[in-house]
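Structure data follow from data_4.txt (compact mmCIF, C-alpha atoms):
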```
# COMPACT_ATOMS: atom_id res chain seq x y z
CA MET E 1 74.08 98.97 86.30
CA SER E 2 76.49 100.65 88.69
CA GLY E 3 79.47 102.54 87.34
CA ASP E 4 81.98 100.20 88.97
CA GLN E 5 80.23 97.09 87.69
CA ALA E 6 80.10 98.58 84.19
CA MET E 7 83.84 99.23 84.29
CA ARG E 8 84.64 95.77 85.66
CA ASP E 9 82.49 94.15 82.97
CA LEU E 10 84.18 96.26 80.30
CA ALA E 11 87.64 95.35 81.55
CA ALA E 12 86.74 91.65 81.67
CA GLY E 13 86.15 91.72 77.92
CA MET E 14 89.27 93.67 76.99
CA PRO E 15 92.54 92.13 75.86
CA VAL E 16 95.41 92.19 78.34
CA PRO E 17 99.16 91.79 77.86
CA GLU E 18 100.18 88.16 77.95
CA PHE E 19 103.18 86.93 79.90
CA GLU E 20 104.32 83.37 79.18
CA THR E 21 105.79 83.00 82.64
CA THR E 22 105.42 84.81 85.93
CA ALA E 23 108.74 86.17 87.16
CA PHE E 24 108.93 85.53 90.88
CA THR E 25 111.46 87.16 93.16
CA THR E 26 111.50 85.85 96.70
CA PRO E 27 112.34 88.69 99.09
CA SER E 28 116.00 88.56 100.00
CA VAL E 29 115.43 89.97 103.47
CA PRO E 30 112.65 89.56 106.07
CA LEU E 31 109.82 92.10 105.81
CA GLY E 32 111.02 93.75 109.01
CA GLU E 33 114.27 94.59 107.25
CA ALA E 34 112.86 95.37 103.81
CA ARG E 35 112.91 98.78 102.14
CA VAL E 36 109.45 99.28 100.68
CA ALA E 37 108.28 101.59 97.88
CA ILE E 38 104.85 102.40 96.48
CA VAL E 39 104.15 102.57 92.76
CA THR E 40 100.68 103.81 91.90
CA SER E 41 98.79 104.25 88.65
CA ALA E 42 96.82 107.20 90.02
CA ALA E 43 98.89 109.61 87.89
CA LEU E 44 99.82 111.58 90.99
CA HIS E 45 102.28 114.38 90.48
CA ARG E 46 103.58 117.49 92.17
CA PRO E 47 102.18 120.79 90.90
CA SER E 48 105.65 121.71 89.62
CA ASP E 49 105.95 118.48 87.58
CA ASP E 50 104.90 118.12 83.97
CA SER E 51 101.28 117.03 84.06
CA PHE E 52 100.33 113.69 82.53
CA THR E 53 99.16 113.84 78.93
CA ALA E 54 96.21 111.76 77.79
CA THR E 55 98.47 109.06 76.34
CA ASP E 56 101.34 109.39 78.79
CA THR E 57 103.37 106.21 79.35
CA SER E 58 106.04 107.84 81.48
CA PHE E 59 106.21 108.08 85.25
CA ARG E 60 106.70 110.80 87.83
CA THR E 61 108.92 110.57 90.89
CA LEU E 62 107.43 111.29 94.31
CA ALA E 63 109.72 112.02 97.25
CA ALA E 64 108.70 110.20 100.43
CA GLY E 65 107.79 113.51 102.07
CA ASP E 66 105.56 114.81 99.27
CA ARG E 67 101.92 115.22 100.21
CA ASP E 68 100.77 118.11 98.00
CA LEU E 69 100.04 115.89 95.03
CA MET E 70 97.64 116.41 92.13
CA LEU E 71 95.52 113.72 90.53
CA GLY E 72 96.51 113.72 86.86
CA HIS E 73 94.57 110.65 85.70
CA TRP E 74 92.52 111.16 82.51
CA SER E 75 89.74 108.65 83.07
CA PRO E 76 86.39 109.96 84.34
CA ASN E 77 85.38 106.42 85.29
CA PHE E 78 86.35 106.19 88.94
CA ASP E 79 85.75 107.94 92.23
CA ARG E 80 88.00 110.97 92.60
CA ALA E 81 86.62 112.30 95.86
CA GLY E 82 88.29 109.63 97.99
CA LEU E 83 91.71 110.87 96.99
CA ALA E 84 90.69 114.46 97.63
CA ILE E 85 89.70 113.45 101.16
CA ASP E 86 92.70 111.26 101.91
CA LEU E 87 95.72 110.65 99.71
CA ASN E 88 96.32 107.35 101.50
CA VAL E 89 93.24 105.76 99.95
CA ALA E 90 95.31 105.27 96.80
CA TYR E 91 98.83 106.19 97.89
CA PRO E 92 99.24 104.83 101.43
CA ILE E 93 102.44 106.65 102.22
CA ASP E 94 101.45 107.58 105.78
CA ARG E 95 100.34 104.02 106.53
CA LEU E 96 103.65 102.72 105.21
CA GLN E 97 105.58 105.12 107.41
CA GLU E 98 103.57 103.94 110.42
CA LEU E 99 104.41 100.32 109.60
CA ALA E 100 108.08 101.29 109.37
CA ASP E 101 107.89 103.12 112.70
CA GLU E 102 106.46 99.95 114.27
CA GLY E 103 109.11 97.76 112.69
CA VAL E 104 106.61 95.78 110.59
CA VAL E 105 108.59 96.82 107.52
CA GLY E 106 112.22 97.84 107.56
CA GLU E 107 111.99 101.32 106.10
CA VAL E 108 110.16 103.53 103.64
CA ALA E 109 112.00 104.05 100.37
CA PRO E 110 113.19 107.60 99.68
CA ARG E 111 111.35 107.76 96.35
CA HIS E 112 108.04 106.41 95.05
CA PHE E 113 106.64 106.46 91.53
CA SER E 114 103.45 107.24 89.71
CA PHE E 115 102.16 106.11 86.32
CA ALA E 116 98.81 106.84 84.66
CA GLY E 117 96.35 103.96 84.74
CA ASN E 118 94.68 104.96 81.48
CA GLN E 119 96.83 103.04 79.01
CA PRO E 120 96.43 101.30 75.64
CA ASP E 121 95.68 97.58 75.82
CA THR E 122 99.18 96.39 74.93
CA VAL E 123 101.01 98.71 77.37
CA ALA E 124 104.02 98.02 75.14
CA GLU E 125 105.92 101.15 76.11
CA ILE E 126 105.50 100.45 79.79
CA ARG E 127 106.64 96.85 79.33
CA LEU E 128 109.64 97.71 77.24
CA ASP E 129 110.66 101.22 78.21
CA SER E 130 109.25 103.15 81.15
CA GLY E 131 108.56 100.08 83.33
CA PRO E 132 112.15 98.80 83.19
CA ALA E 133 113.37 102.38 83.65
CA CYS E 134 111.30 102.70 86.81
CA ALA E 135 112.55 99.31 88.01
CA ALA E 136 116.12 100.55 87.59
CA GLU E 137 115.35 103.58 89.75
CA LEU E 138 113.86 101.34 92.45
CA VAL E 139 116.86 99.01 92.35
CA ALA E 140 119.20 102.02 92.54
CA ASP E 141 117.39 103.09 95.71
CA GLY E 142 117.95 99.67 97.26
CA VAL E 143 114.25 98.82 97.30
CA ASP E 144 113.31 95.26 98.23
CA VAL E 145 109.50 95.30 98.06
CA VAL E 146 107.14 97.29 95.85
CA LEU E 147 103.46 97.80 96.67
CA LEU E 148 101.44 98.50 93.53
CA THR E 149 98.18 100.44 93.91
CA PRO E 150 95.82 100.74 90.92
CA VAL E 151 93.62 103.62 89.80
CA MET A 1 99.74 97.42 87.76
CA SER A 2 100.04 93.72 86.98
CA THR A 3 102.22 94.59 83.98
CA LEU A 4 104.57 96.55 86.20
CA ALA A 5 104.62 93.68 88.69
CA HIS A 6 105.91 91.35 85.97
CA VAL A 7 108.51 93.90 84.87
CA PHE A 8 109.66 94.70 88.41
CA GLU A 9 109.98 91.05 89.48
CA ALA A 10 112.08 90.34 86.40
CA ALA A 11 114.38 93.13 87.61
CA GLY A 12 114.79 91.43 91.00
CA LEU A 13 112.16 93.28 93.02
CA SER A 14 109.43 91.59 95.06
CA THR A 15 105.96 93.00 94.43
CA VAL A 16 102.42 92.89 95.74
CA VAL A 17 99.54 94.22 93.62
CA LEU A 18 96.34 95.54 95.17
CA ALA A 19 94.11 94.36 92.33
CA SER A 20 90.80 96.10 91.64
CA MET A 21 89.51 93.92 88.78
CA ARG A 22 89.52 90.20 89.39
CA ASP A 23 88.96 89.14 85.77
CA VAL A 24 92.00 91.14 84.72
CA VAL A 25 94.32 89.93 87.47
CA GLU A 26 93.32 86.30 86.83
CA ARG A 27 94.39 86.63 83.22
CA MET A 28 97.56 88.59 83.90
CA LEU A 29 98.80 86.44 86.76
CA PRO A 30 101.15 88.80 88.58
CA PRO A 31 103.39 87.18 91.22
CA ARG A 32 101.32 88.28 94.22
CA ALA A 33 97.96 90.01 94.15
CA LEU A 34 95.41 90.88 96.80
CA TYR A 35 92.05 91.36 95.11
CA CYS A 36 90.23 94.17 96.87
CA GLU A 37 86.64 94.61 95.71
CA PHE A 38 86.41 98.27 96.68
CA PRO A 39 85.08 101.30 94.81
CA LEU A 40 87.30 102.03 91.82
CA GLY A 41 89.66 104.86 92.69
CA ARG A 42 89.94 103.71 96.30
CA PRO A 43 92.39 100.77 96.28
CA LEU A 44 92.83 101.03 100.07
CA GLY A 45 89.08 100.97 100.49
CA LYS A 46 88.16 103.72 102.90
CA PRO A 47 89.45 107.31 102.98
CA ALA A 48 90.24 108.70 106.42
CA ASP A 49 90.16 105.22 107.99
CA PRO A 50 93.76 104.44 108.95
CA ASP A 51 92.87 101.18 110.72
CA PHE A 52 91.12 99.80 107.65
CA GLN A 53 93.92 100.91 105.34
CA ARG A 54 96.48 99.32 107.63
CA ASP A 55 94.57 96.03 107.59
CA VAL A 56 94.55 96.02 103.79
CA LEU A 57 98.30 96.61 103.78
CA MET A 58 98.89 93.83 106.30
CA HIS A 59 96.89 91.38 104.17
CA ALA A 60 98.89 92.45 101.11
CA LEU A 61 102.29 92.24 102.76
CA ALA A 62 101.46 88.80 104.15
CA LEU A 63 101.52 87.51 100.57
CA LEU A 64 105.30 88.01 100.56
CA GLU A 65 105.42 84.75 102.54
CA ALA A 66 104.04 82.83 99.53
CA GLU A 67 106.46 80.51 97.77
CA ALA A 68 104.65 80.62 94.43
CA PRO A 69 102.39 83.07 92.54
CA VAL A 70 99.22 83.80 94.48
CA ILE A 71 95.95 85.70 94.11
CA ALA A 72 94.14 86.20 97.42
CA ASP A 73 90.90 88.01 98.25
CA TYR A 74 90.58 90.69 100.89
CA PRO A 75 87.72 89.40 103.08
CA GLU A 76 85.54 92.53 103.02
CA VAL A 77 83.77 93.85 99.94
CA ILE A 78 82.85 97.54 99.65
CA VAL A 79 80.26 98.44 97.05
CA ALA A 80 80.24 101.96 95.65
CA GLU A 81 77.15 103.92 96.61
CA GLU A 82 75.38 105.78 93.82
CA VAL A 83 73.01 107.75 96.02
CA PRO A 84 73.97 111.41 95.66
CA MET A 85 75.90 112.91 98.50
CA ALA A 86 73.67 115.26 100.48
CA CYS A 87 75.16 118.64 99.78
CA PRO A 88 73.38 121.98 99.50
CA VAL A 89 74.07 124.01 96.40
CA PRO A 90 73.89 127.79 96.48
CA ALA A 91 70.51 129.37 95.82
CA LEU A 92 70.38 130.95 92.39
CA LEU A 93 69.61 134.66 92.48
CA ASP A 94 70.60 136.36 89.26
CA GLY A 95 68.38 135.49 86.36
CA ASP A 96 70.75 137.04 83.86
CA LEU A 97 73.42 134.38 84.19
CA PRO A 98 73.11 130.75 83.10
CA PRO A 99 72.31 128.80 86.29
CA CYS A 100 75.50 126.76 86.00
CA VAL A 101 77.65 129.89 85.89
CA GLU A 102 75.98 131.39 88.93
CA GLU A 103 76.26 128.08 90.76
CA ALA A 104 79.95 127.76 89.98
CA GLN A 105 80.54 131.30 91.21
CA GLY A 106 78.62 130.46 94.37
CA LEU A 107 80.91 127.51 95.07
CA ARG A 108 84.08 129.55 94.76
CA ALA A 109 84.41 130.40 98.45
CA ALA A 110 84.13 126.71 99.38
CA TYR A 111 86.67 125.79 96.71
CA ASP A 112 89.08 128.41 98.07
CA ARG A 113 88.68 127.04 101.59
CA ALA A 114 89.42 123.55 100.29
CA LEU A 115 92.55 124.79 98.58
CA ALA A 116 93.69 126.65 101.68
CA ARG A 117 93.11 123.60 103.88
CA ARG A 118 94.67 120.99 101.57
CA GLY A 119 97.40 123.17 100.10
CA VAL A 120 96.89 121.65 96.68
CA THR A 121 94.17 121.26 94.07
CA SER A 122 93.73 118.88 91.17
CA VAL A 123 91.97 121.63 89.20
CA GLY A 124 94.32 123.13 86.63
CA ARG A 125 94.77 120.46 84.00
CA VAL A 126 93.84 123.02 81.30
CA ILE A 127 91.73 125.61 83.14
CA ASP A 128 92.03 126.92 86.67
CA ALA A 129 89.25 127.81 89.08
CA ASP A 130 88.94 131.27 87.54
CA GLY A 131 88.19 129.66 84.20
CA VAL A 132 85.43 127.33 85.36
CA PRO A 133 82.47 129.76 84.96
CA ALA A 134 83.51 130.76 81.42
CA ALA A 135 83.97 127.12 80.38
CA LEU A 136 80.54 126.26 81.79
CA GLU A 137 79.04 129.16 79.86
CA VAL A 138 80.30 127.63 76.61
CA LEU A 139 78.99 124.18 77.58
CA HIS A 140 75.66 125.84 78.37
CA ARG A 141 75.54 127.29 74.86
CA TRP A 142 76.51 123.95 73.29
CA GLY A 143 73.54 122.40 75.00
CA ARG A 144 71.33 125.10 73.48
CA GLY A 145 72.41 124.82 69.90
CA SER A 146 75.78 126.45 69.35
CA THR A 147 78.40 124.20 67.77
CA TRP A 148 81.73 123.11 69.17
CA THR A 149 83.47 124.15 65.95
CA GLU A 150 82.16 127.73 65.97
CA ASP A 151 81.93 128.34 69.73
CA PRO A 152 85.31 127.25 71.09
CA LEU A 153 85.76 125.95 74.60
CA PRO A 154 88.40 127.63 76.81
CA GLY A 155 91.05 125.02 77.40
CA LYS A 156 90.02 123.34 74.13
CA ASN A 157 90.27 119.72 75.27
CA THR A 158 86.75 118.69 76.26
CA ILE A 159 87.88 115.78 78.44
CA ALA A 160 90.37 117.86 80.38
CA VAL A 161 88.02 120.82 80.79
CA CYS A 162 85.26 118.55 82.09
CA LEU A 163 87.65 116.91 84.57
CA ASP A 164 88.66 120.37 85.80
CA ILE A 165 85.01 121.42 86.21
CA ARG A 166 84.06 118.22 88.01
CA THR A 167 87.09 118.43 90.28
CA TYR A 168 86.30 122.07 91.11
CA TYR A 169 82.78 121.08 92.14
CA GLU A 170 83.91 118.00 94.09
CA GLU A 171 86.66 119.76 96.01
CA ALA A 172 84.26 122.61 96.87
CA ALA A 173 81.46 120.25 97.88
CA LEU A 174 83.66 118.34 100.30
CA GLU A 175 84.02 121.60 102.24
CA LEU A 176 80.24 121.92 102.54
CA VAL A 177 79.43 118.54 104.09
CA ASP A 178 79.96 117.14 107.55
CA GLY A 179 80.07 113.62 108.84
CA PRO A 180 81.88 110.54 107.57
CA PRO A 181 83.42 110.58 104.10
CA PRO A 182 80.90 109.96 101.33
CA GLY A 183 80.94 106.52 99.72
CA GLY A 184 82.54 105.76 96.39
CA ARG A 185 80.73 107.56 93.53
CA GLN A 186 78.42 109.48 95.87
CA VAL A 187 80.19 112.73 95.07
CA GLU A 188 80.26 111.90 91.37
CA THR A 189 76.52 111.21 91.46
CA TRP A 190 75.90 114.47 93.28
CA PHE A 191 77.80 116.38 90.59
CA TYR A 192 76.13 114.83 87.55
CA GLU A 193 72.62 114.52 88.95
CA GLU A 194 72.19 117.29 91.50
CA THR A 195 74.08 120.28 90.16
CA GLU A 196 73.45 122.67 87.31
CA GLY A 197 77.10 122.24 86.33
CA GLY A 198 76.74 118.48 85.97
CA ARG A 199 73.47 118.74 84.08
CA THR A 200 74.99 121.37 81.79
CA LEU A 201 77.97 119.13 81.11
CA MET A 202 75.73 116.18 80.25
CA ALA A 203 73.56 118.31 77.93
CA ALA A 204 76.67 119.58 76.14
CA ARG A 205 77.93 116.03 75.81
CA GLY A 206 74.69 114.97 74.19
CA ALA A 207 74.83 117.95 71.85
CA LEU A 208 78.36 117.06 70.71
CA ARG A 209 77.24 113.49 70.06
CA ASP A 210 74.34 114.79 67.98
CA GLN A 211 76.68 117.12 66.10
CA GLU A 212 78.73 114.02 65.26
CA ALA A 213 81.85 115.33 66.98
CA PRO A 214 84.64 112.74 67.17
CA PHE A 215 83.70 110.00 69.63
CA PRO A 216 86.43 110.61 72.24
CA PHE A 217 85.66 114.36 72.29
CA TRP A 218 82.23 113.82 73.80
CA PHE A 219 82.20 110.29 75.23
CA TYR A 220 84.93 110.83 77.81
CA MET A 221 83.41 114.08 79.05
CA ALA A 222 81.60 111.94 81.65
CA PRO A 223 81.80 108.38 83.03
CA GLY A 224 80.97 105.81 80.38
CA HIS A 225 77.94 104.38 82.17
CA ARG A 226 76.24 107.79 82.07
```

Take the structure in the file and write it out as structure tokens.
Amino acid sequence: MSGDQAMRDLAAGMPVPEFETTAFTTPSVPLGEARVAIVTSAALHRPSDDSFTATDTSFRTLAAGDRDLMLGHWSPNFDRAGLAIDLNVAYPIDRLQELADEGVVGEVAPRHFSFAGNQPDTVAEIRLDSGPACAAELVADGVDVVLLTPV
Amino acid sequence: MSTLAHVFEAAGLSTVVLASMRDVVERMLPPRALYCEFPLGRPLGKPADPDFQRDVLMHALALLEAEAPVIADYPEVIVAEEVPMACPVPALLDGDLPPCVEEAQGLRAAYDRALARRGVTSVGRVIDADGVPAALEVLHRWGRGSTWTEDPLPGKNTIAVCLDIRTYYEEAALELVDGPPPGGRQVETWFYEETEGGRTLMAARGALRDQEAPFPFWFYMAPGHR
């Protein structure tokens, strides 16, 4: 069996957090006027940042201009070479800037955020602590739309 | 990611998830998800392909027009390739060194070129490039009978050390190949199946399992399907 299929089969049998309802926020402005941010679970961080620990539920802040980012994810179960070749394959910051330059989106947010995708099943701390804290940072930056990219 | 989508929407933000596991996203029901069946680790699908990445983003952003929760599928599937990347490894010359140590030393120039070109490396979680040969030497001995309790590993954490070694090899190897970017898992397969370093790591992993080391210490030294 391929590595990706093994991981997808494993994930299909694992418990996931349950949400009784799906919160749904309709964008308040057209996409062409929206400020867009990226939040990734690739555990990207700047070399000067604290690295992610194996059970890290916190997030790191990435300035829109940062490109010298390290991959701090602890799982060996995914392709790492793609990110070494091109950051945009998991963190499409250059593509987003191009869309902003073309007017497809309003503007690129000044800050983006990175969590680690290797998390316990309940992700309780992210639900109750670091997730809302990150949301507050995004709201403070006037972000309208968040693109979430998984690793 | 779907968890954060729920949290962010509740805070008044509009979100789109690029989902990589359909079974998971169907159970978690985030507000808007584009399921992209791409190699894991490549949520935008193709490195160094701006047009493809842009198309994925356009499909994702189009979901902001939905008036109710939605899970859509990106129309193209990309399957990870598990054929090893074609990459020469240095010829081994010095019979006095374990082959993995000599190999790692032979890759150093390519690693340094990669670092100079990219300006950043993901090696350095617990050991840096200078520490890779010494760590491999310990793994080599583990595979030949020494024990993890009496023959300590530089950097200590087996998972982190193995990620640093693998990353060192992968970043170096990408400097040695030409042509289009290798497919998902091709570089991983090259490391574990074609290099002395990868084979040494796998032998050490098996030795730790046989020594009844704690499960996470050895299991996460390599991808679970190996």

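Each of E:Ala43, E:Ala140, E:Val123, E:Leu62 was checked against Glu18 in chain E using all atoms listed in the file; the smallest atom-to-atom distance is that of E:Val123.
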
Identify every residue of chain E that has at least one atom within 7 Å of any atom of chain A, counting only C-alpha atoms, and report the result as a VMD selection string.
chain E and resid 3 to 4 6 8 11 to 12 16 18 22 to 27 41 68 to 71 76 to 82 84 to 86 89 to 90 95 127 131 to 132 135 144 to 151

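We find CA of Asp73 in chain A and CA of Ser114 in chain E to be spaced 24.5 Å apart.
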
Selection: 12 Å around range 91-99 of chain A, all atoms listed in the file, excl. self and same-chain fewer than 2 positions, as a ChimeraX atom specification:
/A:88-89,101-107,133-141,143-144,195-200

Every residue with an atom at most 6 Å from (92.4, 105.8, 84.1) (file coordinates; only C-alpha atoms) is what I'm after, so could you write them as a VMD selection string?
chain E and resid 73 to 75 117 to 118

Please, could N, CA and C atoms be added to range 77-100 of chain E and the result written as a PDB file, in the coordinates of the input?
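Produced file out-v2.pdb, reproduced below:
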```
ATOM      1  N   ASN E  77      86.167 107.587  84.897  1.00  0.00           N
ATOM      2  CA  ASN E  77      85.380 106.420  85.290  1.00  0.00           C
ATOM      3  C   ASN E  77      85.704 105.846  86.652  1.00  0.00           C
ATOM      4  N   PHE E  78      86.113 106.673  87.586  1.00  0.00           N
ATOM      5  CA  PHE E  78      86.350 106.190  88.940  1.00  0.00           C
ATOM      6  C   PHE E  78      86.105 107.308  89.920  1.00  0.00           C
ATOM      7  N   ASP E  79      85.958 106.954  91.172  1.00  0.00           N
ATOM      8  CA  ASP E  79      85.750 107.940  92.230  1.00  0.00           C
ATOM      9  C   ASP E  79      87.017 108.758  92.431  1.00  0.00           C
ATOM     10  N   ARG E  80      86.873 110.065  92.392  1.00  0.00           N
ATOM     11  CA  ARG E  80      88.000 110.970  92.600  1.00  0.00           C
ATOM     12  C   ARG E  80      87.951 111.624  93.971  1.00  0.00           C
ATOM     13  N   ALA E  81      86.791 111.589  94.593  1.00  0.00           N
ATOM     14  CA  ALA E  81      86.620 112.300  95.860  1.00  0.00           C
ATOM     15  C   ALA E  81      87.422 111.639  96.982  1.00  0.00           C
ATOM     16  N   GLY E  82      87.548 110.322  96.940  1.00  0.00           N
ATOM     17  CA  GLY E  82      88.290 109.630  97.990  1.00  0.00           C
ATOM     18  C   GLY E  82      89.705 110.161  98.114  1.00  0.00           C
ATOM     19  N   LEU E  83      90.346 110.358  96.979  1.00  0.00           N
ATOM     20  CA  LEU E  83      91.710 110.870  96.990  1.00  0.00           C
ATOM     21  C   LEU E  83      91.772 112.320  97.451  1.00  0.00           C
ATOM     22  N   ALA E  84      90.717 113.076  97.157  1.00  0.00           N
ATOM     23  CA  ALA E  84      90.690 114.460  97.630  1.00  0.00           C
ATOM     24  C   ALA E  84      90.556 114.511  99.143  1.00  0.00           C
ATOM     25  N   ILE E  85      89.886 113.509  99.704  1.00  0.00           N
ATOM     26  CA  ILE E  85      89.700 113.450 101.160  1.00  0.00           C
ATOM     27  C   ILE E  85      90.975 112.950 101.833  1.00  0.00           C
ATOM     28  N   ASP E  86      91.582 111.934 101.244  1.00  0.00           N
ATOM     29  CA  ASP E  86      92.700 111.260 101.910  1.00  0.00           C
ATOM     30  C   ASP E  86      93.591 110.601 100.845  1.00  0.00           C
ATOM     31  N   LEU E  87      94.757 111.173 100.677  1.00  0.00           N
ATOM     32  CA  LEU E  87      95.720 110.650  99.710  1.00  0.00           C
ATOM     33  C   LEU E  87      95.991 109.159  99.913  1.00  0.00           C
ATOM     34  N   ASN E  88      95.954 108.733 101.178  1.00  0.00           N
ATOM     35  CA  ASN E  88      96.320 107.350 101.500  1.00  0.00           C
ATOM     36  C   ASN E  88      95.353 106.319 100.932  1.00  0.00           C
ATOM     37  N   VAL E  89      94.186 106.735 100.464  1.00  0.00           N
ATOM     38  CA  VAL E  89      93.240 105.760  99.950  1.00  0.00           C
ATOM     39  C   VAL E  89      93.721 105.162  98.622  1.00  0.00           C
ATOM     40  N   ALA E  90      94.687 105.848  97.992  1.00  0.00           N
ATOM     41  CA  ALA E  90      95.310 105.270  96.800  1.00  0.00           C
ATOM     42  C   ALA E  90      96.838 105.240  96.902  1.00  0.00           C
ATOM     43  N   TYR E  91      97.364 106.084  97.742  1.00  0.00           N
ATOM     44  CA  TYR E  91      98.830 106.190  97.890  1.00  0.00           C
ATOM     45  C   TYR E  91      99.127 106.158  99.390  1.00  0.00           C
ATOM     46  N   PRO E  92      99.225 104.951  99.959  1.00  0.00           N
ATOM     47  CA  PRO E  92      99.240 104.830 101.430  1.00  0.00           C
ATOM     48  C   PRO E  92     100.594 105.120 102.052  1.00  0.00           C
ATOM     49  N   ILE E  93     101.087 106.300 101.774  1.00  0.00           N
ATOM     50  CA  ILE E  93     102.440 106.650 102.220  1.00  0.00           C
ATOM     51  C   ILE E  93     102.506 106.849 103.737  1.00  0.00           C
ATOM     52  N   ASP E  94     101.431 107.401 104.317  1.00  0.00           N
ATOM     53  CA  ASP E  94     101.450 107.580 105.780  1.00  0.00           C
ATOM     54  C   ASP E  94     101.324 106.238 106.494  1.00  0.00           C
ATOM     55  N   ARG E  95     100.488 105.346 105.916  1.00  0.00           N
ATOM     56  CA  ARG E  95     100.340 104.020 106.530  1.00  0.00           C
ATOM     57  C   ARG E  95     101.668 103.270 106.463  1.00  0.00           C
ATOM     58  N   LEU E  96     102.371 103.412 105.350  1.00  0.00           N
ATOM     59  CA  LEU E  96     103.650 102.720 105.210  1.00  0.00           C
ATOM     60  C   LEU E  96     104.662 103.246 106.223  1.00  0.00           C
ATOM     61  N   GLN E  97     104.658 104.552 106.422  1.00  0.00           N
ATOM     62  CA  GLN E  97     105.580 105.120 107.410  1.00  0.00           C
ATOM     63  C   GLN E  97     105.259 104.602 108.806  1.00  0.00           C
ATOM     64  N   GLU E  98     103.961 104.474 109.108  1.00  0.00           N
ATOM     65  CA  GLU E  98     103.570 103.940 110.420  1.00  0.00           C
ATOM     66  C   GLU E  98     104.059 102.496 110.584  1.00  0.00           C
ATOM     67  N   LEU E  99     103.938 101.708 109.529  1.00  0.00           N
ATOM     68  CA  LEU E  99     104.410 100.320 109.600  1.00  0.00           C
ATOM     69  C   LEU E  99     105.927 100.279 109.784  1.00  0.00           C
ATOM     70  N   ALA E 100     106.624 101.223 109.184  1.00  0.00           N
ATOM     71  CA  ALA E 100     108.080 101.290 109.370  1.00  0.00           C
ATOM     72  C   ALA E 100     108.412 101.702 110.803  1.00  0.00           C
TER      73      ALA E 100
END
```
